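Taking it in order: structure first as structure tokens, then the write-up.
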Amino acid sequence: MPVDLPPSRPSGRPVPPAAIAWFRHGGAAGWILGSGVIALLVMMPLLALLVLGLRGSGDLWPHLLAFVLPEAIGTTLLLLAGVGVMVTTIGTLTAWLVTAYEFAGRRWLEWALLLPLAMPTYIIAYSYLDLLHPIGPLQSGVRHLMGLSSPRDLVLPDIRSLGGCILLFGFVLYPYVYIATRAMFHMQVASLVEVAHTLGAGRLGVFVRVALPLARPAIAVGTSLALMEAVNDVGASEFLGVRTITLSIYTTWINRSNLGGAAQIALLMLLVILVLVGVERHARRHQRYVGTAREGRRLSRQTLPPVSGLLAFAACAAPVVLGFGMPVAYLAVEAVARLRQFGLSPDIVSQTLHSVGISALATVIALVLGLVLTFTVRQNGTMLTRLLQRLASFGYAVPGTVLALGLLSPLAWLDNGLDALSQALFGHGSGVFVFASGGALVTAYVVRFLTMAVGGLETGFQRIPASLDQAARTLGANPLELLGRVHLPLIRPAVLSAGLLVFVDCMKELPATLLLRPLNFETLATHVYGEASRGTYEDGSIAALAIVLFGLVPVMLIAGFGKSGQTVTQSSLETDRNGTGS
Amino acid sequence: MRAMFSRLPGAGAGAGVGIGASLLPDEERWLPRGRCAGFLVIEQLRHHYGALLAIDDVSLTVAPGEILCLLGASGCGKSTLLRMIAGVERPDRGRILLDGLEVCGAGSFVLPEQRGVGLVFQDYALFPHLSVVENVMFGLRHMPKAQARALAMRALTRVSLARYADDYPHRLSGGEQQRVALARALAPRPSVILMDEPFSNLDQRLRETIREQTVALLRDEGISAVVVTHDPEEAMQIADSIALMQAGRIVQTGTPEHLYHHPASLFVARFLCDINEIAAECRHGQIDSPLGRFTAPAQLADGPCVLCIRPQAIVPDPAGVAVEFVSRQFLGHDDRLRLRLPHTGQMIHARLSYAVPLKPGQTLSVSIVADQFMAFACS
């Protein structure tokens, strides 16, 4: 083909040398480096823990092995097994009832069943301890009805037991299973259920033989999330006298001041966590497969006859009342009584400001870091960048106590460095600046809740077709302009909801807050814990109620998202995994 | 060809192709003639996705003002190739030159935002948060806003969409969105425009119209274009030259007529048109087949071969070969006949533009229009 060369163009921008061109290609290197630093930040506490544990605990290990660990491990496994059975039963049953049947109150219950998500485990334990106290309202009421006068005449089973702990955890943690399985049931095609009916299966048969097996991956995802939450708990198990492995880390560290021993237990516990994370990831992959494999007419709800309808209503209402209604009513009554008597104390105001301030700071940092991670993967979706994002998201699985323990030595090291630097520059040291300023606490929040920022932003990014990026780039936008002019305007709702989720979970976080806060720095959560430790429950009711009210925000978000489809529900579930604080 | 490339400036030595560079002070015409008529050369491009060789040693040339169609089935690598020209994907090896400047090669890589290419997508990729005119202005950031808006309006006028300037993309129909995408890609005056299945999201009737308008615009303005399509009829309608791809390689390049009449392989022949494939035997320059004897093409060796005959090359001829009439499909402008060959019993198709009064089982004498056959050796 004879072709004449056109006259060469007047020169524009010079072609950069190879190394610079590589560096500037999609700005890749800088972004990848940033992701690497963030992943390192998240992995740092775990590495520190490893060092701490390997350094040994003096002669404590034989003692731990002989007297502490067997009981702690046994209790933890029993707790996990019990909570697992509870959340699976409540979660799948209620999810099936509200998806497959129509009965009075169903529409209301469908979202009300999410409410216990707003209730941190330490607050439900705190509420029930007072409610069920021998001279508390419930037992007094029962005695009054039976005409008994003294608590000694009627001894009810004590809530301060492993059984009580399992029950309470079950009633606040089942929503994880509920959300996951409900989404799965929604996706099941009507023909499957109809075929099962024509083949002779009754209502129960369809549930057990068709719906449950199909929802198995979702059940596994929801249950493993609920169990991670149970493992994370410190407050509730302590109040209820259940000596879990998490608690033994806490006591080994605080009461025995043996960091090495605490780190050794923590490492042991991370094994449990790794198993749960493995189960969750595996199930999620499988769930995707099941989810995409079917299409067709969705299940339409069958109307239940009045009596069955009433039973269904009762079955769905019970967890809402027990996991949310009763404790909130109790907190509200106590809070109103406090407010009437003493008004709003200045302490509460300052605690709220502390909580809000430090949570807001952590949220902003988590969002910025999350944006770096997700945008890097968007720009350069290689194995490396995905791995970095995955590593940076690992903090969500690490219990607050373990995280605080792991952050201790790196941050102390940083403080020493800062002190020496300040000594050299200004002639006076900076002391323990990182701890005293709340920097340690913010770091812990960011590491723990970065996943939620990443998950939320990722969902936002996924809705933007890749062709928009390519169009913007060929129209002259560099990566930063692409982010500012195209991505950010489009993912603003995702940024907002991810930010809200992170913020609320920071507000609710207890164990890391207890361990890393500056001296005399009280947040709402630590205040509730303090009052509960002293046994003056009603004094913490206002703070506890405030935490629950903040916790309702993500519940509203999920309830709203739930309507727009399975993927959104799934991702908001993932992002709100830490919904119940500590 | 090789000698010509060697005259081009080498790696890193030339000037970059910036969008700014393509701006003329003369704003009177929308696209001053020749401005978007870039000269694109691709040399020995190669790219892997993991173990998959997505692009295998591809070389191509697009002359100024030429429309080149990259044709192939889905997954053959044509879209990957397009993204590499745009710079949003980086090849493992090979060079890309735009107007004589290396934009991608061993030592250099010009970022997509500095490359000066326009990209139009199958899904149009309009920014949903920007109005139509803001979409078109997106690539015109290096000039005052008023001037950018004036230029964008001129581009929108050119595609008859000025009245929708302040609407948002989702309010436009598919065809209108496609024209906005075209105006947006052309507004910064790229040296070449790249289109990825630009018409495939439109319904049949609209597709014809939009295609004609788009091609007319490209021709009027003398724009160099690379259009990716999987539809051979579309490629033949719009292209100056077609590069047919298969499994990451270019199997044949040439004008539509050349590819149609002189396919380099059975694959090319099959891809461009329905054909009847009849097993035959080539001996001493003659092909013996159930449809008669033909003079073999010069390059065909003796031995078993495949005789390819297009349905429309079969015509009734009293002096021809008797075949059995099996059935007829009425297609409007012509009929599609199913015929059974003698001896082998193989079914073939024929297209006849007038009704033949026949009943199934009757015989019909047909022959092949002179030279309207192809033959390939069995491999």
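In the structure tokens, the first chain shown is A, the next is B, and so on; residue numbers restart at 1 for each chain, and ligands run from 1 in the order shown.
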Got a sec: who's within 8 Å of B:Ile223, counting only C-alpha atoms, leaving out chain neighbours fewer than 3 positions off, as JSON, numbers by chain?
-> {"B": [34, 35, 36, 37, 38, 64, 65, 66, 67, 191, 192, 193, 218, 219, 220]}
Can you list, as a count of residues only, every protein, DNA or RNA residue that comes within 9 Å of A:Ala262 when you count only C-alpha atoms, leaving out same-chain residues fewer than 5 positions away?
-> 13
Excluding B:Gly87 and any residue of its chain fewer than 2 positions from it, enumerate the residues within 10 Å of it, using only C-alpha atoms, and give them as a VMD selection string.
-> (chain A and resid 25 470 473 to 474) or (chain B and resid 81 to 85 89 to 91 96 103 to 104 109 to 117)
Writing out the chosen residues with N, CA and C atoms as a PDB file, in the first residue's frame:
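The new file out.pdb reads:
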ATOM      1  N   HIS A  25       3.500   5.822  34.187  1.00  0.00           N
ATOM      2  CA  HIS A  25       2.463   5.056  33.522  1.00  0.00           C
ATOM      3  C   HIS A  25       1.341   4.770  34.494  1.00  0.00           C
ATOM      4  N   GLN A 470     -11.109   4.829  30.580  1.00  0.00           N
ATOM      5  CA  GLN A 470     -10.341   4.878  29.344  1.00  0.00           C
ATOM      6  C   GLN A 470     -10.722   6.102  28.532  1.00  0.00           C
ATOM      7  N   ARG A 473      -9.043   9.072  30.180  1.00  0.00           N
ATOM      8  CA  ARG A 473      -7.607   9.116  29.934  1.00  0.00           C
ATOM      9  C   ARG A 473      -7.309   9.573  28.511  1.00  0.00           C
ATOM     10  N   THR A 474      -8.011   9.013  27.525  1.00  0.00           N
ATOM     11  CA  THR A 474      -7.719   9.420  26.148  1.00  0.00           C
ATOM     12  C   THR A 474      -8.154  10.853  25.889  1.00  0.00           C
TER      13      THR A 474
ATOM     14  N   LEU B  81      -6.084  -4.888  20.965  1.00  0.00           N
ATOM     15  CA  LEU B  81      -5.230  -4.128  20.053  1.00  0.00           C
ATOM     16  C   LEU B  81      -5.641  -2.652  20.060  1.00  0.00           C
ATOM     17  N   LEU B  82      -6.951  -2.413  20.045  1.00  0.00           N
ATOM     18  CA  LEU B  82      -7.459  -1.038  20.037  1.00  0.00           C
ATOM     19  C   LEU B  82      -7.032  -0.304  21.313  1.00  0.00           C
ATOM     20  N   ARG B  83      -7.160  -1.008  22.460  1.00  0.00           N
ATOM     21  CA  ARG B  83      -6.792  -0.374  23.729  1.00  0.00           C
ATOM     22  C   ARG B  83      -5.298  -0.084  23.800  1.00  0.00           C
ATOM     23  N   MET B  84      -4.510  -0.891  23.103  1.00  0.00           N
ATOM     24  CA  MET B  84      -3.071  -0.628  23.081  1.00  0.00           C
ATOM     25  C   MET B  84      -2.764   0.602  22.253  1.00  0.00           C
ATOM     26  N   ILE B  85      -3.487   0.774  21.142  1.00  0.00           N
ATOM     27  CA  ILE B  85      -3.262   1.971  20.337  1.00  0.00           C
ATOM     28  C   ILE B  85      -3.624   3.206  21.164  1.00  0.00           C
ATOM     29  N   GLU B  89      -3.715   0.202  27.531  1.00  0.00           N
ATOM     30  CA  GLU B  89      -3.143  -1.118  27.795  1.00  0.00           C
ATOM     31  C   GLU B  89      -1.733  -1.083  27.221  1.00  0.00           C
ATOM     32  N   ARG B  90      -0.805  -1.745  27.900  1.00  0.00           N
ATOM     33  CA  ARG B  90       0.585  -1.688  27.441  1.00  0.00           C
ATOM     34  C   ARG B  90       1.028  -3.029  26.884  1.00  0.00           C
ATOM     35  N   PRO B  91       1.511  -3.064  25.644  1.00  0.00           N
ATOM     36  CA  PRO B  91       1.929  -4.359  25.070  1.00  0.00           C
ATOM     37  C   PRO B  91       3.241  -4.838  25.676  1.00  0.00           C
ATOM     38  N   ILE B  96       4.421   1.241  18.465  1.00  0.00           N
ATOM     39  CA  ILE B  96       3.297   1.945  17.858  1.00  0.00           C
ATOM     40  C   ILE B  96       3.792   3.340  17.524  1.00  0.00           C
ATOM     41  N   VAL B 103       5.025   6.243  20.072  1.00  0.00           N
ATOM     42  CA  VAL B 103       4.253   6.484  21.297  1.00  0.00           C
ATOM     43  C   VAL B 103       4.323   5.269  22.215  1.00  0.00           C
ATOM     44  N   CYS B 104       4.817   4.181  21.684  1.00  0.00           N
ATOM     45  CA  CYS B 104       4.941   2.979  22.489  1.00  0.00           C
ATOM     46  C   CYS B 104       6.030   2.133  21.866  1.00  0.00           C
ATOM     47  N   PHE B 109       6.968   5.299  26.339  1.00  0.00           N
ATOM     48  CA  PHE B 109       5.540   5.037  26.435  1.00  0.00           C
ATOM     49  C   PHE B 109       4.831   6.360  26.687  1.00  0.00           C
ATOM     50  N   VAL B 110       4.066   6.803  25.705  1.00  0.00           N
ATOM     51  CA  VAL B 110       3.325   8.047  25.882  1.00  0.00           C
ATOM     52  C   VAL B 110       1.991   7.700  26.544  1.00  0.00           C
ATOM     53  N   LEU B 111       1.700   8.375  27.652  1.00  0.00           N
ATOM     54  CA  LEU B 111       0.469   8.095  28.396  1.00  0.00           C
ATOM     55  C   LEU B 111      -0.752   8.396  27.531  1.00  0.00           C
ATOM     56  N   PRO B 112      -1.856   7.713  27.786  1.00  0.00           N
ATOM     57  CA  PRO B 112      -3.038   7.920  26.951  1.00  0.00           C
ATOM     58  C   PRO B 112      -3.473   9.385  26.913  1.00  0.00           C
ATOM     59  N   GLU B 113      -3.300  10.095  28.064  1.00  0.00           N
ATOM     60  CA  GLU B 113      -3.762  11.478  28.086  1.00  0.00           C
ATOM     61  C   GLU B 113      -2.887  12.406  27.248  1.00  0.00           C
ATOM     62  N   GLN B 114      -1.702  11.924  26.847  1.00  0.00           N
ATOM     63  CA  GLN B 114      -0.830  12.770  26.020  1.00  0.00           C
ATOM     64  C   GLN B 114      -0.711  12.246  24.600  1.00  0.00           C
ATOM     65  N   ARG B 115      -1.457  11.200  24.307  1.00  0.00           N
ATOM     66  CA  ARG B 115      -1.242  10.516  23.048  1.00  0.00           C
ATOM     67  C   ARG B 115      -2.036  11.145  21.902  1.00  0.00           C
ATOM     68  N   GLY B 116      -3.155  11.767  22.226  1.00  0.00           N
ATOM     69  CA  GLY B 116      -3.937  12.390  21.177  1.00  0.00           C
ATOM     70  C   GLY B 116      -4.684  11.403  20.312  1.00  0.00           C
ATOM     71  N   VAL B 117      -5.352  10.447  20.966  1.00  0.00           N
ATOM     72  CA  VAL B 117      -6.227   9.557  20.215  1.00  0.00           C
ATOM     73  C   VAL B 117      -7.646   9.714  20.768  1.00  0.00           C
TER      74      VAL B 117
END
Interatomic distance, atom CA of A:Ala72 to atom CA of A:Ala266 (Å, one decimal) |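 Distance between the two atoms: 12.0 Å.
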Write out as a ChimeraX atom specification which residues come within 12 Å of B:His129 when counting only C-alpha atoms, dropping same-chain ones fewer than 2 positions away.
-> /A:464,468,485-492 /B:125-127,131-135,138,166-170
Quick one: everything within 8 Å of A:Ala544, counting only C-alpha atoms, minus sequence neighbours fewer than 2 positions away in the same chain. Send it as a short mmCIF file (atom, residue, chain, number, x, y, z; two decimals) with C-alpha atoms, in the first residue's frame.
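File produced: around-v7.cif:
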data_model
loop_
_atom_site.label_atom_id
_atom_site.label_comp_id
_atom_site.auth_asym_id
_atom_site.auth_seq_id
_atom_site.Cartn_x
_atom_site.Cartn_y
_atom_site.Cartn_z
CA ILE A 123 -24.42 -3.11 76.05
CA LEU A 331 -31.93 1.98 78.75
CA LEU A 524 -19.03 6.89 75.66
CA ALA A 525 -17.96 3.25 75.39
CA VAL A 528 -20.38 2.47 79.96
CA GLY A 540 -24.18 4.48 82.24
CA SER A 541 -27.60 4.25 80.64
CA ILE A 542 -27.47 7.60 78.85
CA ALA A 546 -26.42 7.18 72.80
CA ILE A 547 -24.19 4.42 71.41
CA VAL A 548 -27.22 2.36 70.38
#
Per-residue DSSP, stretch 195-358 of chain B, filtered to strand (DSSP E or B), as number ranges by chain = B: 195-196, 225-229, 241-246, 249-254, 276-283, 286-289, 292-295, 303-309, 314-330, 335-340, 347-352
B:Arg179, B:Arg141, B:Arg336, B:His258: which is nearest B:Tyr164, counting only C-alpha atoms?
-> B:Arg179
Spatial neighbours of stretch 300-307 of chain A, 7 Å, only C-alpha atoms, chain gap at least 6 places, as JSON, numbers by chain | {"A": [99, 100, 101, 102, 103, 190]}
Any idea what's packed within 9 Å of stretch 80-90 of chain A, counting only C-alpha atoms, ignoring anything in its chain fewer than 6 positions away? Could you give it as JSON, numbers by chain?
-> {"A": [163, 165, 166, 167, 168, 169, 170, 171, 172, 173, 174, 175, 176, 177, 178, 219, 220, 222, 223, 224, 226, 227, 230, 231, 315, 316, 319]}
Save the residues we just selected, N, CA and C atoms, as a compact mmCIF listing (two decimals), in the first residue's frame?
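Result file again22.txt:
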# COMPACT_ATOMS: atom_id res chain seq x y z
N GLY A 163 -24.09 -20.19 79.46
CA GLY A 163 -25.38 -20.31 78.78
C GLY A 163 -26.00 -18.94 78.55
N CYS A 165 -24.47 -16.10 78.36
CA CYS A 165 -23.65 -15.38 77.38
C CYS A 165 -24.03 -15.81 75.96
N ILE A 166 -24.19 -17.14 75.78
CA ILE A 166 -24.54 -17.65 74.46
C ILE A 166 -25.90 -17.08 74.02
N LEU A 167 -26.86 -17.09 74.93
CA LEU A 167 -28.19 -16.57 74.61
C LEU A 167 -28.12 -15.11 74.17
N LEU A 168 -27.46 -14.29 74.98
CA LEU A 168 -27.41 -12.85 74.69
C LEU A 168 -26.68 -12.60 73.36
N PHE A 169 -25.54 -13.27 73.16
CA PHE A 169 -24.81 -13.10 71.89
C PHE A 169 -25.68 -13.52 70.72
N GLY A 170 -26.40 -14.62 70.90
CA GLY A 170 -27.26 -15.11 69.83
C GLY A 170 -28.28 -14.07 69.41
N PHE A 171 -28.84 -13.38 70.39
CA PHE A 171 -29.91 -12.42 70.07
C PHE A 171 -29.40 -11.13 69.45
N VAL A 172 -28.11 -10.79 69.63
CA VAL A 172 -27.63 -9.59 68.92
C VAL A 172 -26.82 -9.91 67.68
N LEU A 173 -26.31 -11.13 67.56
CA LEU A 173 -25.43 -11.42 66.42
C LEU A 173 -26.14 -12.14 65.27
N TYR A 174 -27.40 -12.62 65.49
CA TYR A 174 -28.07 -13.34 64.40
C TYR A 174 -28.28 -12.51 63.13
N PRO A 175 -28.36 -11.14 63.21
CA PRO A 175 -28.60 -10.41 61.96
C PRO A 175 -27.57 -10.67 60.86
N TYR A 176 -26.33 -11.01 61.23
CA TYR A 176 -25.35 -11.32 60.19
C TYR A 176 -25.83 -12.48 59.32
N VAL A 177 -26.36 -13.51 59.97
CA VAL A 177 -26.87 -14.66 59.23
C VAL A 177 -28.16 -14.27 58.51
N TYR A 178 -28.98 -13.49 59.18
CA TYR A 178 -30.27 -13.07 58.61
C TYR A 178 -30.05 -12.32 57.30
N ILE A 219 -25.16 -18.96 54.82
CA ILE A 219 -25.18 -19.25 56.25
C ILE A 219 -23.75 -19.28 56.79
N ALA A 220 -22.86 -19.89 56.02
CA ALA A 220 -21.46 -19.96 56.46
C ALA A 220 -20.85 -18.57 56.56
N GLY A 222 -22.44 -15.65 57.03
CA GLY A 222 -23.05 -14.92 58.14
C GLY A 222 -22.58 -15.44 59.48
N THR A 223 -22.51 -16.77 59.61
CA THR A 223 -22.12 -17.34 60.89
C THR A 223 -20.66 -17.02 61.22
N SER A 224 -19.79 -17.10 60.23
CA SER A 224 -18.39 -16.82 60.54
C SER A 224 -18.21 -15.35 60.94
N ALA A 226 -20.49 -13.55 62.49
CA ALA A 226 -21.04 -13.44 63.85
C ALA A 226 -20.04 -14.00 64.87
N LEU A 227 -19.37 -15.09 64.51
CA LEU A 227 -18.43 -15.70 65.44
C LEU A 227 -17.19 -14.83 65.64
N ALA A 230 -18.13 -12.47 68.14
CA ALA A 230 -18.17 -13.08 69.47
C ALA A 230 -16.76 -13.20 70.05
N VAL A 231 -15.80 -13.55 69.19
CA VAL A 231 -14.42 -13.69 69.65
C VAL A 231 -13.86 -12.33 70.06
N ALA A 315 -42.46 -15.74 66.08
CA ALA A 315 -41.10 -16.25 65.89
C ALA A 315 -40.15 -15.14 65.44
N CYS A 316 -40.67 -14.24 64.58
CA CYS A 316 -39.81 -13.16 64.08
C CYS A 316 -39.71 -12.01 65.07
N PRO A 319 -36.86 -12.38 68.54
CA PRO A 319 -35.48 -11.90 68.57
C PRO A 319 -35.38 -10.37 68.56
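When only C-alpha atoms are used to measure the gap to B:Ala185, the shortest distance among A:Val377, A:Gly476, A:Thr536, A:Gly439 belongs to A:Gly476.
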From a DSSP pass on the backbone, collect the residues of stretch 149-318 of chain B flagged as helix (DSSP H, G or I) and hand them back as a PyMOL selection string.
-> chain B and resi 149-158+162-164+169-171+174-186+204-221+232-238+256-261+266-272+311-313
